[in-house]
file upload.txt (compact mmCIF, C-alpha atoms and all ligand atoms)
# COMPACT_ATOMS: atom_id res chain seq x y z
CA MET A 119 17.51 16.20 -9.84
CA PHE A 120 16.39 16.68 -13.46
CA LYS A 121 13.24 14.77 -14.35
CA GLU A 122 11.12 14.72 -17.48
CA GLN A 123 7.99 13.68 -15.66
CA LYS A 124 6.64 13.87 -12.13
CA VAL A 125 7.09 10.60 -10.27
CA LEU A 126 4.48 8.69 -8.26
CA LEU A 127 5.48 5.77 -6.05
CA SER A 128 3.76 3.33 -3.72
CA GLY A 129 3.97 -0.21 -2.41
CA ILE A 130 2.16 -2.82 -0.35
CA GLN A 131 3.70 -5.47 1.87
CA PRO A 132 2.93 -9.07 0.86
CA THR A 133 1.43 -10.06 4.21
CA GLY A 134 -1.94 -11.73 4.75
CA ILE A 135 -4.47 -11.15 1.98
CA MET A 136 -4.91 -7.98 -0.03
CA THR A 137 -8.18 -6.49 1.20
CA ILE A 138 -10.80 -4.07 -0.04
CA GLY A 139 -9.25 -1.68 2.54
CA ASN A 140 -5.97 -1.74 0.60
CA TYR A 141 -7.91 -1.38 -2.64
CA ILE A 142 -9.98 1.59 -1.51
CA GLY A 143 -7.27 3.31 0.53
CA ALA A 144 -4.39 2.89 -1.87
CA VAL A 145 -4.86 0.99 -5.14
CA GLN A 146 -7.87 2.95 -6.36
CA ASN A 147 -5.80 6.12 -6.31
CA TRP A 148 -2.90 4.38 -8.00
CA LEU A 149 -5.23 3.54 -10.88
CA LYS A 150 -6.60 7.06 -11.02
CA LEU A 151 -3.15 8.64 -11.13
CA GLN A 152 -1.08 6.11 -13.06
CA ASP A 153 -1.31 7.85 -16.45
CA ASP A 154 -0.38 11.31 -15.20
CA TYR A 155 2.95 10.33 -13.67
CA LEU A 156 5.92 8.13 -14.16
CA SER A 157 4.42 5.52 -11.83
CA VAL A 158 6.46 3.15 -9.70
CA TYR A 159 4.67 0.34 -7.84
CA PHE A 160 6.51 -2.35 -5.96
CA ILE A 161 5.89 -5.31 -3.70
CA ALA A 162 7.41 -4.32 -0.34
CA ASP A 163 8.79 -7.79 0.37
CA LEU A 164 11.75 -6.60 2.44
CA HIS A 165 9.38 -4.70 4.68
CA ALA A 166 7.34 -7.86 5.18
CA LEU A 167 10.41 -9.63 6.60
CA THR A 168 10.04 -7.53 9.75
CA ILE A 169 7.30 -10.02 10.69
CA LYS A 170 8.09 -13.73 10.79
CA GLN A 171 7.24 -15.38 7.44
CA ASP A 172 7.05 -18.98 6.31
CA PRO A 173 9.41 -18.94 3.28
CA THR A 174 7.30 -21.15 0.99
CA GLU A 175 4.07 -19.30 1.68
CA PHE A 176 5.81 -15.95 1.53
CA ARG A 177 7.24 -16.56 -1.94
CA GLN A 178 3.83 -17.65 -3.27
CA ARG A 179 2.06 -14.75 -1.66
CA ALA A 180 4.50 -12.18 -3.03
CA LEU A 181 3.99 -13.53 -6.55
CA SER A 182 0.25 -13.57 -6.02
CA PHE A 183 0.32 -9.90 -4.94
CA TYR A 184 2.31 -9.06 -8.06
CA ALA A 185 -0.35 -10.76 -10.21
CA GLN A 186 -3.00 -8.81 -8.31
CA TYR A 187 -1.24 -5.53 -9.13
CA ILE A 188 -1.50 -6.33 -12.84
CA ALA A 189 -5.06 -7.65 -12.48
CA PHE A 190 -6.09 -4.31 -10.93
CA GLY A 191 -5.08 -2.62 -14.15
CA LEU A 192 -1.59 -1.41 -13.30
CA ASP A 193 0.14 -1.60 -16.66
CA PRO A 194 3.68 -3.03 -16.66
CA GLU A 195 4.34 -1.40 -20.04
CA LYS A 196 3.51 2.11 -18.84
CA SER A 197 4.43 1.86 -15.17
CA ILE A 198 7.30 0.24 -13.30
CA LEU A 199 6.13 -2.87 -11.41
CA TYR A 200 8.70 -4.86 -9.46
CA PHE A 201 9.78 -6.57 -6.25
CA GLN A 202 11.67 -4.38 -3.79
CA SER A 203 14.14 -7.21 -3.11
CA HIS A 204 15.13 -7.27 -6.81
CA VAL A 205 16.49 -3.73 -6.60
CA PRO A 206 19.41 -3.64 -4.15
CA GLU A 207 19.52 0.16 -4.29
CA HIS A 208 16.67 0.21 -1.75
CA THR A 209 18.90 -1.24 0.94
CA LYS A 210 21.93 0.72 -0.21
CA LEU A 211 20.13 4.01 0.25
CA SER A 212 18.44 2.84 3.40
CA TRP A 213 21.79 2.31 5.11
CA ALA A 214 22.88 5.85 4.31
CA LEU A 215 19.56 7.26 5.52
CA ASN A 216 19.87 5.30 8.76
CA CYS A 217 22.78 7.55 9.58
CA PHE A 218 20.47 10.58 9.20
CA THR A 219 17.64 9.25 11.35
CA TYR A 220 17.58 9.49 15.12
CA VAL A 221 16.67 6.49 17.23
CA GLY A 222 14.13 8.65 19.06
CA GLU A 223 12.35 9.43 15.80
CA ALA A 224 12.04 5.78 14.87
CA GLN A 225 10.87 4.80 18.35
CA ARG A 226 8.08 7.37 18.25
CA MET A 227 6.41 5.82 15.18
CA THR A 228 2.91 4.57 15.95
CA GLN A 229 3.26 1.57 13.66
CA PHE A 230 6.47 0.53 15.45
CA LYS A 231 4.70 0.76 18.80
CA ASP A 232 1.64 -1.15 17.53
CA LYS A 233 3.63 -3.90 15.85
CA SER A 234 5.95 -4.23 18.86
CA ALA A 235 2.94 -4.72 21.11
CA LYS A 236 1.47 -7.28 18.71
CA HIS A 237 4.68 -9.28 18.22
CA GLN A 238 6.37 -9.00 21.61
CA ASP A 239 8.51 -12.05 20.97
CA ASN A 240 10.02 -10.50 17.84
CA ILE A 241 10.78 -6.81 18.29
CA ASN A 242 13.60 -6.90 15.78
CA MET A 243 15.81 -4.10 14.44
CA GLY A 244 14.01 -4.27 11.10
CA LEU A 245 10.73 -3.35 12.75
CA MET A 246 12.24 -0.15 14.08
CA ASP A 247 14.10 0.53 10.87
CA TYR A 248 10.97 -0.01 8.75
CA PRO A 249 10.26 3.69 8.12
CA VAL A 250 13.85 4.36 7.06
CA LEU A 251 13.61 1.67 4.38
CA MET A 252 10.33 3.24 3.37
CA ALA A 253 12.02 6.64 3.12
CA ALA A 254 14.66 5.05 0.89
CA ASP A 255 11.93 3.52 -1.33
CA ILE A 256 10.43 6.95 -1.85
CA LEU A 257 13.56 9.09 -2.15
CA LEU A 258 15.37 6.71 -4.52
CA TYR A 259 13.03 7.65 -7.36
CA GLN A 260 12.82 11.37 -6.51
CA SER A 261 9.11 10.74 -5.99
CA ASP A 262 6.75 13.69 -6.00
CA LEU A 263 3.59 11.93 -4.86
CA VAL A 264 2.98 8.94 -2.59
CA PRO A 265 -0.61 7.65 -2.52
CA VAL A 266 -1.25 5.73 0.72
CA GLY A 267 -3.90 5.30 3.41
CA ILE A 268 -3.90 7.55 6.47
CA ASP A 269 -1.99 5.04 8.63
CA GLN A 270 1.16 5.79 6.60
CA LYS A 271 1.03 9.57 7.07
CA GLN A 272 3.49 9.57 9.95
CA HIS A 273 6.01 7.58 7.90
CA LEU A 274 5.69 10.09 5.08
CA GLU A 275 6.37 12.95 7.44
CA LEU A 276 9.49 11.21 8.68
CA THR A 277 10.58 10.69 5.06
CA ARG A 278 10.22 14.41 4.42
CA ASP A 279 12.21 15.23 7.56
CA ILE A 280 15.04 12.90 6.59
CA ALA A 281 15.12 14.29 3.05
CA MET A 282 15.20 17.88 4.25
CA ARG A 283 17.91 17.10 6.76
CA PHE A 284 20.02 15.56 4.02
CA ASN A 285 19.34 18.39 1.56
CA ASN A 286 20.22 21.02 4.17
CA ARG A 287 23.62 19.51 4.55
CA PHE A 288 24.42 18.43 0.97
CA GLY A 289 22.31 20.60 -1.34
CA ASP A 290 19.35 19.63 -3.48
CA VAL A 291 19.74 15.86 -3.60
CA PHE A 292 16.20 14.63 -2.90
CA THR A 293 12.78 15.72 -4.10
CA ILE A 294 10.57 16.34 -1.07
CA PRO A 295 7.54 14.07 -1.59
CA ASP A 296 3.90 14.82 -0.86
CA GLY A 297 1.41 12.27 0.38
CA TYR A 298 -1.85 11.63 -1.42
CA ILE A 299 -4.36 10.42 1.12
CA PRO A 300 -8.02 9.93 0.19
CA LYS A 301 -10.59 11.72 2.35
CA ASN A 302 -13.30 9.06 2.48
CA GLY A 303 -11.67 5.71 2.12
CA ALA A 304 -8.44 6.43 3.98
CA LYS A 305 -9.43 3.99 6.69
CA ILE A 306 -11.83 1.17 5.96
CA LYS A 307 -12.72 -0.67 9.16
CA SER A 308 -12.90 -4.34 10.07
CA LEU A 309 -16.28 -5.95 9.31
CA GLN A 310 -16.20 -7.58 12.75
CA ASN A 311 -14.97 -4.63 14.79
CA PRO A 312 -15.72 -1.32 13.09
CA LEU A 313 -13.54 0.54 15.59
CA MET A 314 -10.45 -1.15 14.17
CA LYS A 315 -8.95 -0.73 10.71
CA MET A 316 -9.46 -3.58 8.25
CA SER A 317 -6.02 -5.14 8.33
CA LYS A 318 -4.73 -7.70 5.88
CA SER A 319 -3.12 -9.75 8.62
CA ASP A 320 -6.26 -9.97 10.75
CA PRO A 321 -6.54 -13.65 11.79
CA ASP A 322 -10.37 -13.48 11.74
CA PRO A 323 -11.38 -14.25 8.13
CA ASN A 324 -14.80 -12.61 8.66
CA ALA A 325 -13.17 -9.27 9.45
CA THR A 326 -11.71 -8.74 5.98
CA VAL A 327 -12.69 -9.19 2.35
CA SER A 328 -10.04 -10.10 -0.17
CA VAL A 329 -9.90 -8.41 -3.57
CA ILE A 330 -9.97 -11.82 -5.27
CA GLU A 331 -12.57 -13.52 -3.10
CA ASP A 332 -15.45 -15.46 -4.63
CA ALA A 333 -18.91 -13.90 -4.77
CA ASP A 334 -20.64 -16.23 -2.27
CA SER A 335 -18.03 -15.67 0.36
CA ILE A 336 -18.14 -11.88 -0.09
CA MET A 337 -21.93 -11.88 0.26
CA ARG A 338 -21.74 -14.03 3.38
CA LYS A 339 -19.22 -11.73 5.06
CA PHE A 340 -21.27 -8.60 4.43
CA LYS A 341 -24.39 -10.31 5.73
CA ARG A 342 -22.49 -11.06 8.95
CA ALA A 343 -20.89 -7.62 9.23
CA VAL A 344 -21.26 -6.09 12.68
CA THR A 345 -23.57 -3.07 12.65
CA ASP A 346 -24.88 -0.71 15.30
CA SER A 347 -28.20 -0.29 17.04
CA GLY A 348 -30.87 1.29 14.85
CA ASN A 349 -31.86 0.47 11.31
CA GLU A 350 -31.37 3.63 9.23
CA ILE A 351 -28.79 3.97 6.50
CA ILE A 352 -27.26 7.22 7.72
CA PHE A 353 -23.58 8.09 8.04
CA ASP A 354 -22.94 8.94 11.68
CA GLU A 355 -19.60 8.96 13.50
CA ASN A 356 -21.30 7.43 16.52
CA LYS A 357 -22.41 4.49 14.38
CA PRO A 358 -19.13 3.15 13.03
CA GLY A 359 -20.55 -0.12 11.68
CA ILE A 360 -23.12 1.30 9.28
CA SER A 361 -20.84 4.26 8.44
CA ASN A 362 -18.09 1.87 7.37
CA LEU A 363 -20.50 0.00 5.10
CA ILE A 364 -21.69 3.30 3.62
CA SER A 365 -18.06 4.29 2.90
CA ILE A 366 -17.41 0.95 1.20
CA TYR A 367 -20.57 1.21 -0.91
CA SER A 368 -19.79 4.78 -1.89
CA GLU A 369 -16.22 3.90 -2.91
CA MET A 370 -17.28 0.84 -4.88
CA THR A 371 -20.09 2.55 -6.79
CA GLY A 372 -18.65 6.05 -7.14
CA LYS A 373 -21.77 7.48 -5.47
CA THR A 374 -21.39 10.11 -2.75
CA ILE A 375 -22.32 9.41 0.87
CA LYS A 376 -25.39 11.65 0.46
CA GLU A 377 -26.50 9.85 -2.72
CA THR A 378 -26.08 6.55 -0.92
CA GLU A 379 -28.18 7.68 2.04
CA ASN A 380 -30.90 8.93 -0.33
CA GLU A 381 -30.92 5.69 -2.29
CA PHE A 382 -31.62 3.66 0.84
CA VAL A 383 -34.23 5.82 2.59
CA GLY A 384 -36.84 3.49 4.06
CA LYS A 385 -34.64 0.40 3.67
CA GLY A 386 -33.08 -1.48 6.57
CA TYR A 387 -29.61 -2.82 7.41
CA GLY A 388 -30.36 -6.22 5.87
CA ASP A 389 -31.14 -4.82 2.42
CA PHE A 390 -28.22 -2.46 2.57
CA LYS A 391 -25.69 -5.16 3.53
CA LYS A 392 -26.83 -7.17 0.52
CA ALA A 393 -26.39 -4.15 -1.75
CA VAL A 394 -22.88 -3.46 -0.40
CA GLY A 395 -21.90 -7.09 -0.99
CA GLU A 396 -23.22 -6.95 -4.55
CA ALA A 397 -21.40 -3.69 -5.26
CA VAL A 398 -18.12 -5.21 -4.08
CA VAL A 399 -18.65 -8.39 -6.11
CA GLU A 400 -19.40 -6.41 -9.29
CA LYS A 401 -16.53 -3.98 -8.91
CA LEU A 402 -13.96 -6.71 -8.29
CA ARG A 403 -15.26 -9.31 -10.74
CA PRO A 404 -12.89 -8.28 -13.56
CA VAL A 405 -9.95 -8.19 -11.13
CA ARG A 406 -10.64 -11.72 -9.98
CA GLU A 407 -11.04 -13.04 -13.52
CA GLU A 408 -7.83 -11.42 -14.72
CA TYR A 409 -6.03 -12.66 -11.62
CA GLU A 410 -7.11 -16.27 -12.24
CA ARG A 411 -5.62 -16.05 -15.70
CA LEU A 412 -2.36 -14.38 -14.66
CA ILE A 413 -1.51 -16.52 -11.68
CA LYS A 414 -1.29 -19.58 -13.96
CA ASP A 415 1.40 -17.88 -16.03
CA LYS A 416 4.37 -17.78 -13.70
CA ALA A 417 6.86 -17.34 -16.55
CA TYR A 418 5.10 -14.15 -17.66
CA LEU A 419 5.01 -12.79 -14.11
CA LEU A 420 8.71 -13.44 -13.52
CA GLU A 421 9.74 -12.03 -16.87
CA THR A 422 7.63 -8.90 -16.30
CA ALA A 423 9.07 -8.47 -12.82
CA LYS A 424 12.56 -8.76 -14.22
CA LYS A 425 11.93 -6.02 -16.74
CA GLY A 426 10.34 -3.90 -14.03
CA ALA A 427 13.39 -4.27 -11.80
CA GLU A 428 15.70 -3.30 -14.66
CA LYS A 429 13.76 -0.10 -15.28
CA ALA A 430 13.70 0.63 -11.57
CA ARG A 431 17.43 0.10 -11.17
CA TYR A 432 18.19 2.49 -13.96
CA ILE A 433 16.64 5.35 -11.96
CA ALA A 434 17.53 4.13 -8.48
CA SER A 435 21.22 3.63 -9.19
CA ARG A 436 21.58 7.25 -10.25
CA THR A 437 20.29 8.43 -6.89
CA VAL A 438 22.49 6.05 -4.91
CA LYS A 439 25.54 7.12 -6.89
CA LYS A 440 24.83 10.76 -6.20
CA VAL A 441 24.18 10.17 -2.50
CA TYR A 442 27.30 8.07 -1.99
CA LYS A 443 29.37 10.70 -3.75
CA LYS A 444 27.93 13.48 -1.58
CA LEU A 445 28.75 11.42 1.50
CA GLY A 446 32.38 11.16 0.45
CA LEU A 447 32.52 7.43 -0.25
CA VAL A 448 35.24 6.50 -2.73
CA GLU A 449 33.83 6.01 -6.23
CA GLN A 450 33.88 2.59 -7.86
CA GLU A 451 35.57 2.51 -11.24
P1 LIG B 1 -0.88 -5.44 7.82
O1 LIG B 1 -2.15 -5.90 8.44
O2 LIG B 1 -0.05 -6.57 7.31
O3 LIG B 1 -0.11 -4.45 8.63
P2 LIG B 1 -2.24 -3.53 6.17
O4 LIG B 1 -3.59 -4.04 5.85
O5 LIG B 1 -2.15 -2.45 7.16
O6 LIG B 1 -1.26 -4.72 6.49
P3 LIG B 1 -0.29 -2.37 4.43
O7 LIG B 1 0.58 -3.22 3.59
O8 LIG B 1 0.29 -1.83 5.68
O9 LIG B 1 -1.64 -3.10 4.79
O10 LIG B 1 -0.89 -1.19 3.57
C1 LIG B 1 -0.93 -1.11 2.17
C2 LIG B 1 -1.64 0.17 1.77
O11 LIG B 1 -3.04 0.06 2.02
C3 LIG B 1 -1.18 1.41 2.51
O12 LIG B 1 -1.21 2.52 1.64
C4 LIG B 1 -2.18 1.56 3.59
O13 LIG B 1 -2.28 2.89 4.05
C5 LIG B 1 -3.45 1.11 2.88
N1 LIG B 1 -4.40 0.54 3.81
C6 LIG B 1 -4.20 -0.52 4.62
N2 LIG B 1 -5.30 -0.82 5.33
C7 LIG B 1 -6.23 0.10 4.97
C8 LIG B 1 -7.58 0.34 5.36
N3 LIG B 1 -8.17 -0.42 6.26
N4 LIG B 1 -8.24 1.36 4.79
C9 LIG B 1 -7.65 2.13 3.88
N5 LIG B 1 -6.37 1.97 3.45
C10 LIG B 1 -5.67 0.97 3.99
N1 LIG B 2 4.64 0.90 4.74
C1 LIG B 2 3.73 0.81 3.64
C2 LIG B 2 4.24 -0.01 2.49
C3 LIG B 2 5.34 0.72 1.87
C4 LIG B 2 5.24 1.93 1.13
C5 LIG B 2 6.57 2.27 0.76
C6 LIG B 2 4.18 2.73 0.75
C7 LIG B 2 6.66 0.39 1.93
N2 LIG B 2 7.39 1.32 1.26
C8 LIG B 2 6.84 3.42 0.04
C9 LIG B 2 4.47 3.89 0.02
C10 LIG B 2 5.78 4.22 -0.31
C11 LIG B 2 2.45 0.24 4.15
O1 LIG B 2 1.50 0.42 3.49
N3 LIG B 2 2.42 -0.42 5.24

call {"tool": "encode", "arguments": {"input": "upload.txt", "output": "structure tokens"}}
result
Amino acid sequence: MFKEQKVLLSGIQPTGIMTIGNYIGAVQNWLKLQDDYLSVYFIADLHALTIKQDPTEFRQRALSFYAQYIAFGLDPEKSILYFQSHVPEHTKLSWALNCFTYVGEAQRMTQFKDKSAKHQDNINMGLMDYPVLMAADILLYQSDLVPVGIDQKQHLELTRDIAMRFNNRFGDVFTIPDGYIPKNGAKIKSLQNPLMKMSKSDPDPNATVSVIEDADSIMRKFKRAVTDSGNEIIFDENKPGISNLISIYSEMTGKTIKETENEFVGKGYGDFKKAVGEAVVEKLRPVREEYERLIKDKAYLLETAKKGAEKARYIASRTVKKVYKKLGLVEQE
């Protein structure tokens, strides 16, 4: 499909609290790349429905995530920022793509298996269909690049497979997207169990740090972070606790792992934990301040989201129209 600019697209589900894992693994790259692409960022609220949500909390949280997007520095004038549920083309395309995805493929997805194990009382169809909706999100905008953390790699590969399958049958309908996965920060670990990824729905508040958390609480959590035996600030795969803290420090300060190790020669875990906490507080201070301002202005957020959805629909509807035509559905006058 003809495009004037390369397209970048990504989203985050409004579940739990947005963490420094999400920031380092995904958002930081969004900010780095936003000016070089036509950038599309959405709140994946339909995806979040695959887990049981309290409607009142869910609505507030989705709006709060939207304010956090803007507070990060995503610019609603330059980029397209919207709620997935405001653009019905996502579900329209997703239905068509369902008919090009095999049940076996969906069942093999690691996230589906993990989430099914975690929510055994609610293994719903949406949970299995999750990656197909994600494929629709991506393919709707003819996206070239999708910046995500490593846990989403398998979903991206499925997206590419579905797109190629469709293109093989109907010609060049979809752009085949590439992932953009950071090397260092692709998987920030829980502060309480450094063998597990930091997950925004972790029920243990000490395991995660929110991007809009107050300074005292951030410092407290880093002080309590689980580390390994020993006391040297050296990145070592066999010492996941200290290595995770080194990754966080390096991402927050822009220093390399080596520079970080050199800076803390002769210092112990206690000093280092304090330094990591301070680096996180400083880096996120402007985000928190901007967020506090934005969240009070609901009218602005809703108006901006409306404009975002209009821009998104303009592009998305062209893809759906083309796909439905290729499939042989009767055109609407
Ligand atoms: P949940 O706990 O609700 O499943 P999550 O923390 O895994 O949520 P997602 O909404 O699934 O967050 O992910 C949003 C983005 O952040 C994705 O690009 C994902 O790859 C990235 N991401 C999530 N957790 C981490 C992490 N610990 N380290 C690096 N990137 C992450
Ligand atoms: N599954 C993603 C969120 C997501 C997404 C997308 C990311 C939904 N649709 C499209 C990139 C592109 C996750 O991070 N859990």

call {"tool": "residues_near_ligand", "arguments": {"input": "upload.txt", "ligand": "ligand LIG 1 (chain B)", "cutoff": "6 Å", "atoms": "only C-alpha atoms and all ligand atoms", "output": "PyMOL selection string"}}
result
chain A and resi 130-131+133+139-140+142-144+266-270+303-307+315-319

call {"tool": "closest_residue", "arguments": {"input": "upload.txt", "among": "A:Thr293, A:Ser365, A:Gln450, A:Thr345", "to": "Gln310 in chain A", "atoms": "all atoms listed in the file"}}
result
A:Thr345

call {"tool": "residues_near_ligand", "arguments": {"input": "upload.txt", "ligand": "ligand LIG 2 (chain B)", "cutoff": "7 Å", "atoms": "only C-alpha atoms and all ligand atoms", "output": "list of chain:residue names"}}
result
A:Leu127, A:Ser128, A:Gly129, A:Ile130, A:Gln131, A:Ala162, A:His165, A:Leu251, A:Met252, A:Ala253, A:Asp255, A:Ile256, A:Val264, A:Pro265, A:Val266, A:Gln270

call {"tool": "closest_residue", "arguments": {"input": "upload.txt", "among": "A:Glu207, A:Asp193, A:Glu350, A:Glu407", "to": "Val329 in chain A", "atoms": "only C-alpha atoms"}}
result
A:Glu407

call {"tool": "closest_residue", "arguments": {"input": "upload.txt", "among": "A:Thr174, A:Ser435, A:Gln123, A:Thr137", "to": "Val327 in chain A", "atoms": "only C-alpha atoms"}}
result
A:Thr137

call {"tool": "atom_distance", "arguments": {"input": "upload.txt", "atom1": "CA of Leu199 in chain A", "atom2": "CA of Gly426 in chain A"}}
result
5.1 Å

call {"tool": "closest_residue", "arguments": {"input": "upload.txt", "among": "A:Gln178, A:Ser157, A:Gln202, A:Asn349", "to": "Ala427 in chain A", "atoms": "all atoms listed in the file"}}
result
A:Gln202

call {"tool": "closest_residue", "arguments": {"input": "upload.txt", "among": "A:Ile330, A:Asp279, A:Thr168, A:Phe201", "to": "Ser234 in chain A", "atoms": "only C-alpha atoms"}}
result
A:Thr168

call {"tool": "decode", "arguments": {"input": "upload.txt", "residues": "range 392-409 of chain A", "atoms": "N, CA, C and O atoms", "output": "JSON list (two decimals), in the first residue's frame"}}
result
[["chain", "number", "residue", "atom", "x", "y", "z"],
["A", 392, "LYS", "N", 20.86, 2.64, 46.54],
["A", 392, "LYS", "CA", 20.46, 4.04, 46.74],
["A", 392, "LYS", "C", 20.64, 4.82, 45.42],
["A", 392, "LYS", "O", 19.77, 5.59, 45.01],
["A", 393, "ALA", "N", 21.76, 4.57, 44.76],
["A", 393, "ALA", "CA", 22.03, 5.29, 43.51],
["A", 393, "ALA", "C", 21.02, 4.92, 42.43],
["A", 393, "ALA", "O", 20.58, 5.77, 41.65],
["A", 394, "VAL", "N", 20.62, 3.65, 42.39],
["A", 394, "VAL", "CA", 19.63, 3.23, 41.37],
["A", 394, "VAL", "C", 18.31, 3.94, 41.65],
["A", 394, "VAL", "O", 17.68, 4.51, 40.74],
["A", 395, "GLY", "N", 17.91, 3.94, 42.92],
["A", 395, "GLY", "CA", 16.66, 4.62, 43.29],
["A", 395, "GLY", "C", 16.70, 6.08, 42.88],
["A", 395, "GLY", "O", 15.75, 6.59, 42.27],
["A", 396, "GLU", "N", 17.81, 6.75, 43.17],
["A", 396, "GLU", "CA", 17.91, 8.18, 42.84],
["A", 396, "GLU", "C", 17.86, 8.40, 41.33],
["A", 396, "GLU", "O", 17.22, 9.34, 40.84],
["A", 397, "ALA", "N", 18.50, 7.51, 40.58],
["A", 397, "ALA", "CA", 18.49, 7.65, 39.11],
["A", 397, "ALA", "C", 17.06, 7.53, 38.57],
["A", 397, "ALA", "O", 16.65, 8.27, 37.68],
["A", 398, "VAL", "N", 16.31, 6.59, 39.15],
["A", 398, "VAL", "CA", 14.93, 6.39, 38.69],
["A", 398, "VAL", "C", 14.08, 7.62, 39.05],
["A", 398, "VAL", "O", 13.32, 8.14, 38.23],
["A", 399, "VAL", "N", 14.24, 8.11, 40.28],
["A", 399, "VAL", "CA", 13.48, 9.28, 40.72],
["A", 399, "VAL", "C", 13.75, 10.46, 39.79],
["A", 399, "VAL", "O", 12.83, 11.12, 39.32],
["A", 400, "GLU", "N", 15.03, 10.71, 39.50],
["A", 400, "GLU", "CA", 15.38, 11.87, 38.68],
["A", 400, "GLU", "C", 14.84, 11.75, 37.26],
["A", 400, "GLU", "O", 14.26, 12.68, 36.72],
["A", 401, "LYS", "N", 15.02, 10.56, 36.69],
["A", 401, "LYS", "CA", 14.58, 10.37, 35.31],
["A", 401, "LYS", "C", 13.07, 10.56, 35.17],
["A", 401, "LYS", "O", 12.59, 11.11, 34.19],
["A", 402, "LEU", "N", 12.32, 10.08, 36.17],
["A", 402, "LEU", "CA", 10.87, 10.09, 36.03],
["A", 402, "LEU", "C", 10.20, 11.31, 36.65],
["A", 402, "LEU", "O", 8.99, 11.48, 36.51],
["A", 403, "ARG", "N", 10.99, 12.17, 37.29],
["A", 403, "ARG", "CA", 10.40, 13.34, 37.94],
["A", 403, "ARG", "C", 9.54, 14.17, 36.97],
["A", 403, "ARG", "O", 8.36, 14.46, 37.26],
["A", 404, "PRO", "N", 10.06, 14.53, 35.79],
["A", 404, "PRO", "CA", 9.25, 15.33, 34.88],
["A", 404, "PRO", "C", 7.98, 14.60, 34.41],
["A", 404, "PRO", "O", 6.94, 15.23, 34.20],
["A", 405, "VAL", "N", 8.06, 13.28, 34.30],
["A", 405, "VAL", "CA", 6.89, 12.51, 33.86],
["A", 405, "VAL", "C", 5.80, 12.62, 34.91],
["A", 405, "VAL", "O", 4.63, 12.89, 34.62],
["A", 406, "ARG", "N", 6.21, 12.47, 36.16],
["A", 406, "ARG", "CA", 5.24, 12.50, 37.25],
["A", 406, "ARG", "C", 4.59, 13.88, 37.35],
["A", 406, "ARG", "O", 3.38, 14.02, 37.50],
["A", 407, "GLU", "N", 5.43, 14.93, 37.22],
["A", 407, "GLU", "CA", 4.88, 16.28, 37.34],
["A", 407, "GLU", "C", 3.89, 16.58, 36.22],
["A", 407, "GLU", "O", 2.81, 17.13, 36.45],
["A", 408, "GLU", "N", 4.26, 16.19, 35.02],
["A", 408, "GLU", "CA", 3.37, 16.44, 33.87],
["A", 408, "GLU", "C", 2.08, 15.61, 34.02],
["A", 408, "GLU", "O", 0.98, 16.08, 33.72],
["A", 409, "TYR", "N", 2.24, 14.39, 34.52],
["A", 409, "TYR", "CA", 1.07, 13.53, 34.72],
["A", 409, "TYR", "C", 0.09, 14.17, 35.71],
["A", 409, "TYR", "O", -1.12, 14.21, 35.47]]
